[in-house]
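A.B. asks: Here you go, target_12.csv (CSV, C-alpha atoms):
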```csv
chain,number,residue,atom,x,y,z
A,153,MET,CA,-39.6,-51.6,7.9
A,154,ASN,CA,-39.9,-48.0,9.0
A,155,SER,CA,-37.2,-45.8,7.5
A,156,LYS,CA,-36.6,-42.5,9.0
A,157,LYS,CA,-34.1,-40.0,7.8
A,158,ILE,CA,-31.5,-39.3,10.3
A,159,GLY,CA,-30.9,-35.6,10.4
A,160,LEU,CA,-27.9,-33.7,11.7
A,161,SER,CA,-27.8,-33.2,15.4
A,162,ILE,CA,-28.4,-29.8,17.0
A,163,VAL,CA,-24.9,-29.8,18.4
A,164,TYR,CA,-23.4,-30.3,15.0
A,165,LYS,CA,-25.5,-27.5,13.5
A,166,LEU,CA,-24.6,-25.1,16.3
A,167,ASN,CA,-20.9,-26.0,16.0
A,168,MET,CA,-21.0,-25.3,12.3
A,169,GLN,CA,-22.6,-21.9,12.9
A,170,LEU,CA,-20.0,-21.0,15.4
A,171,LEU,CA,-17.2,-22.2,13.2
A,172,LEU,CA,-18.5,-20.1,10.3
A,173,ARG,CA,-18.9,-17.1,12.5
A,174,LEU,CA,-15.3,-17.4,13.8
A,175,ILE,CA,-13.9,-17.7,10.3
A,176,THR,CA,-15.9,-14.6,9.2
A,177,ILE,CA,-14.6,-12.6,12.2
A,178,PHE,CA,-11.0,-13.8,11.6
A,179,LEU,CA,-11.2,-12.8,7.9
A,180,ALA,CA,-12.7,-9.4,8.8
A,181,ILE,CA,-9.9,-8.8,11.3
A,182,ASP,CA,-7.3,-9.8,8.7
A,183,ILE,CA,-8.8,-7.4,6.2
A,184,PHE,CA,-8.8,-4.6,8.7
A,185,LEU,CA,-5.1,-5.3,9.6
A,186,CYS,CA,-4.1,-5.2,6.0
A,187,MET,CA,-5.9,-1.9,5.4
A,188,ALA,CA,-4.3,-0.5,8.6
A,189,ALA,CA,-0.8,-1.7,7.5
A,190,GLY,CA,-1.4,-0.1,4.0
A,191,ALA,CA,-2.5,3.2,5.5
A,192,THR,CA,0.5,3.2,7.8
A,193,VAL,CA,2.9,2.7,4.9
A,194,VAL,CA,1.2,5.5,2.9
A,195,VAL,CA,1.2,7.9,5.9
A,196,GLN,CA,4.9,7.2,6.5
A,197,SER,CA,5.6,7.9,2.8
A,198,GLU,CA,3.7,11.2,3.1
A,199,LYS,CA,5.7,12.3,6.0
A,200,ILE,CA,9.0,11.6,4.2
A,201,PHE,CA,7.6,13.3,1.1
A,202,ASN,CA,6.8,16.5,3.0
A,203,GLY,CA,10.3,16.6,4.4
A,204,ALA,CA,11.8,16.0,0.9
A,205,VAL,CA,9.8,18.9,-0.6
A,206,LYS,CA,11.1,21.2,2.2
A,207,GLU,CA,14.6,20.1,1.5
A,208,LEU,CA,14.2,20.5,-2.2
A,209,ASN,CA,13.0,24.1,-1.6
A,210,LYS,CA,16.2,24.8,0.4
A,211,SER,CA,19.0,23.0,-1.5
A,212,GLY,CA,17.7,21.6,-4.8
A,213,LEU,CA,17.8,18.1,-6.3
A,214,PRO,CA,20.6,15.8,-5.0
A,215,GLU,CA,23.0,14.1,-7.5
A,216,ASN,CA,22.7,10.4,-8.4
A,217,THR,CA,19.3,9.5,-6.8
A,218,ASP,CA,19.3,6.0,-8.4
A,219,THR,CA,21.6,4.6,-5.7
A,220,TRP,CA,19.4,6.1,-3.0
A,221,LEU,CA,16.4,4.2,-4.3
A,222,ASP,CA,18.3,0.9,-3.9
A,223,ILE,CA,19.4,1.8,-0.3
A,224,THR,CA,16.4,3.6,1.1
A,225,GLY,CA,13.5,2.9,-1.3
A,226,TYR,CA,13.0,6.7,-2.0
A,227,ARG,CA,13.9,8.6,-5.1
A,228,VAL,CA,13.5,12.3,-6.2
A,229,SER,CA,14.0,12.9,-9.9
A,230,VAL,CA,13.1,15.5,-12.5
A,231,LEU,CA,9.7,14.7,-14.1
A,232,ASP,CA,10.5,14.2,-17.8
A,233,ARG,CA,7.4,12.3,-18.9
A,234,GLU,CA,3.8,11.8,-18.1
A,235,PRO,CA,3.4,9.6,-15.0
A,236,ASP,CA,1.9,6.2,-15.5
A,237,GLY,CA,0.0,3.9,-13.1
A,238,ILE,CA,-3.2,4.2,-11.2
A,239,LYS,CA,-4.1,7.7,-10.0
A,240,VAL,CA,-5.1,7.9,-6.4
A,241,PRO,CA,-8.8,9.0,-6.2
A,242,GLY,CA,-9.3,12.6,-5.3
A,243,PHE,CA,-11.3,12.0,-2.1
A,244,MET,CA,-8.2,10.4,-0.5
A,245,ASN,CA,-6.4,13.7,-0.9
A,246,ASN,CA,-8.6,15.0,1.9
A,247,PHE,CA,-6.6,12.8,4.3
A,248,MET,CA,-3.3,14.2,3.2
A,249,SER,CA,-1.6,17.3,4.7
A,250,THR,CA,-3.0,20.7,3.6
A,251,SER,CA,0.3,21.7,1.9
A,252,THR,CA,0.2,18.7,-0.5
A,253,LYS,CA,-3.5,18.1,-1.0
A,254,SER,CA,-3.4,19.2,-4.7
A,255,ILE,CA,-0.4,17.0,-5.7
A,256,PRO,CA,-1.3,14.1,-7.9
A,257,ARG,CA,-0.4,10.7,-6.6
A,258,PHE,CA,0.0,7.4,-8.4
A,259,PHE,CA,0.4,3.7,-7.7
A,260,GLN,CA,2.5,1.7,-10.1
A,261,ILE,CA,3.6,-1.9,-10.4
A,262,LYS,CA,7.3,-2.2,-11.3
A,263,THR,CA,7.2,-6.0,-12.1
A,264,GLY,CA,5.6,-7.5,-15.2
A,265,LYS,CA,2.1,-8.9,-15.4
A,266,ASN,CA,3.4,-12.5,-15.6
A,267,GLY,CA,4.7,-12.5,-12.0
A,268,SER,CA,2.7,-14.0,-9.1
A,269,PHE,CA,0.5,-11.8,-6.9
A,270,PHE,CA,3.2,-11.5,-4.2
A,271,GLN,CA,5.9,-10.6,-6.8
A,272,ARG,CA,3.7,-7.9,-8.2
A,273,ILE,CA,3.0,-6.5,-4.7
A,274,ASP,CA,6.8,-6.5,-4.0
A,275,GLY,CA,7.2,-4.1,-7.0
A,276,LEU,CA,4.5,-1.6,-5.9
A,277,ILE,CA,5.6,2.0,-6.2
A,278,TYR,CA,3.9,5.1,-4.8
A,279,SER,CA,4.8,8.4,-6.6
A,280,TYR,CA,4.0,12.1,-6.3
A,281,GLU,CA,4.4,14.9,-8.8
A,282,PHE,CA,5.3,18.4,-7.5
A,283,THR,CA,6.8,21.6,-8.7
A,284,VAL,CA,9.6,23.6,-7.0
A,285,ASN,CA,10.9,26.8,-8.5
A,286,ASN,CA,9.1,26.2,-11.8
A,287,GLN,CA,10.7,22.7,-12.2
A,288,SER,CA,8.6,19.5,-12.0
A,289,PHE,CA,9.8,16.6,-9.9
A,290,VAL,CA,8.5,13.2,-9.0
A,291,PHE,CA,9.0,11.6,-5.6
A,292,THR,CA,9.0,7.8,-5.8
A,293,VAL,CA,8.6,5.4,-2.9
A,294,LEU,CA,9.2,1.7,-3.3
A,295,LEU,CA,6.4,0.2,-1.1
A,296,GLY,CA,7.2,-3.5,-1.7
A,297,PRO,CA,9.7,-4.0,1.1
A,298,LYS,CA,7.5,-2.2,3.6
A,299,ILE,CA,4.5,-4.3,2.7
A,300,LYS,CA,6.6,-7.4,2.8
A,301,ILE,CA,7.2,-6.8,6.5
A,302,PHE,CA,3.5,-6.6,7.2
A,303,ARG,CA,2.8,-9.6,5.0
A,304,HIS,CA,5.3,-11.7,7.0
A,305,ILE,CA,3.8,-10.5,10.3
A,306,LEU,CA,0.2,-11.4,9.2
A,307,LEU,CA,1.3,-14.8,7.8
A,308,GLY,CA,3.0,-15.4,11.2
A,309,LEU,CA,-0.3,-14.7,13.0
A,310,LEU,CA,-1.9,-17.6,11.0
```
Turn this file's structure into structure tokens for me.

C.D. replies:
Amino acid sequence: MNSKKIGLSIVYKLNMQLLLRLITIFLAIDIFLCMAAGATVVVQSEKIFNGAVKELNKSGLPENTDTWLDITGYRVSVLDREPDGIKVPGFMNNFMSTSTKSIPRFFQIKTGKNGSFFQRIDGLIYSYEFTVNNQSFVFTVLLGPKIKIFRHILLGLL
């Protein structure tokens, strides 16, 4: 009895290569879309931050900013402690506006470490330190709800 090994057909091999190539392209596009969405959220926060600094120069700090964070996701408060979180690398400041390049920026996670990945992302905060009239302030942006919108859109594309 002559036993020959039956190999995979050329059609099967080509289909597997095409499938793997398509999955790779799909993942690359998803990663690019996530990076573009993250950049969009940060750029929008930067625009609002620049407007807030101009307004603080004119009128000073508003009263009761805690309720504004709940409504809008933005807070301006007096800096009374050292900021915590992950400092944004210096090379990223080159992409910011020239008037705020030197301002330190931080990412923080508001939720605890025992939450799931999505719960931790929902608590992501982007903050800036700046000085107006010799008084230090911190501008805080709650990024979680903004990222949640993009997350739902990307999951809907699947």

A.B. asks: With only C-alpha atoms as the atoms that count, which of A:Val163, A:Ala189, A:Ile175, A:Val290 lies nearest to Arg303 in chain A?

C.D. replies: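 Of A:Val163, A:Ala189, A:Ile175, A:Val290, the one nearest Arg303 in chain A, counting only C-alpha atoms, is A:Ala189.
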
A.B. asks: Work out how far apart CA of Arg233 in chain A and CA of Leu294 in chain A are and give it in Å to one decimal.

C.D. replies: 18.9 Å

A.B. asks: In Å, how far is it from CA of Val205 in chain A to CA of Phe282 in chain A?

C.D. replies: 8.3 Å

A.B. asks: What does the structure give for the distance between CA of Asn202 in chain A and CA of Ser288 in chain A, in Å to one decimal?

C.D. replies: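 Answer for the CA of Asn202 in chain A to CA of Ser288 in chain A separation: 15.4 Å.
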
A.B. asks: I need the residue nearest Phe289 in chain A from this list: A:Asp274, A:Asp232, A:Asp182, A:Glu207. Use only C-alpha atoms for the distance.

C.D. replies: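 Ranked by minimum distance to Phe289 in chain A, first place goes to A:Asp232.
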
A.B. asks: Please identify all polymer residues lying at most 12 Å from the point (3.6, -1.7, -9.3) (file coordinates), using all atoms listed in the file, and present the result as a list in words.

C.D. replies: Asp236, Gly237, Ile238, Phe258, Phe259, Gln260, Ile261, Lys262, Thr263, Gly264, Lys265, Gly267, Phe269, Phe270, Gln271, Arg272, Ile273, Asp274, Gly275, Leu276, Ile277, Tyr278, Ser279, Thr292, Val293, Leu294, Leu295 and Gly296 of chain A

A.B. asks: Given the choices A:Ile162, A:Leu179, A:Leu208, A:Ile255, which gets closest to Leu306 in chain A if the distance is worked out from only C-alpha atoms?

C.D. replies: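 With only C-alpha atoms as the atom set, the closest residue is A:Leu179.
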
A.B. asks: List every protein, DNA or RNA residue that has an atom no more than 12 Å from (-4.9, 6.4, -0.8) in the file's coordinate frame, counting all atoms listed in the file, and report them as a PyMOL selection string.

C.D. replies: chain A and resi 187-188+190-195+197-198+238-248+253+256-259+278-280
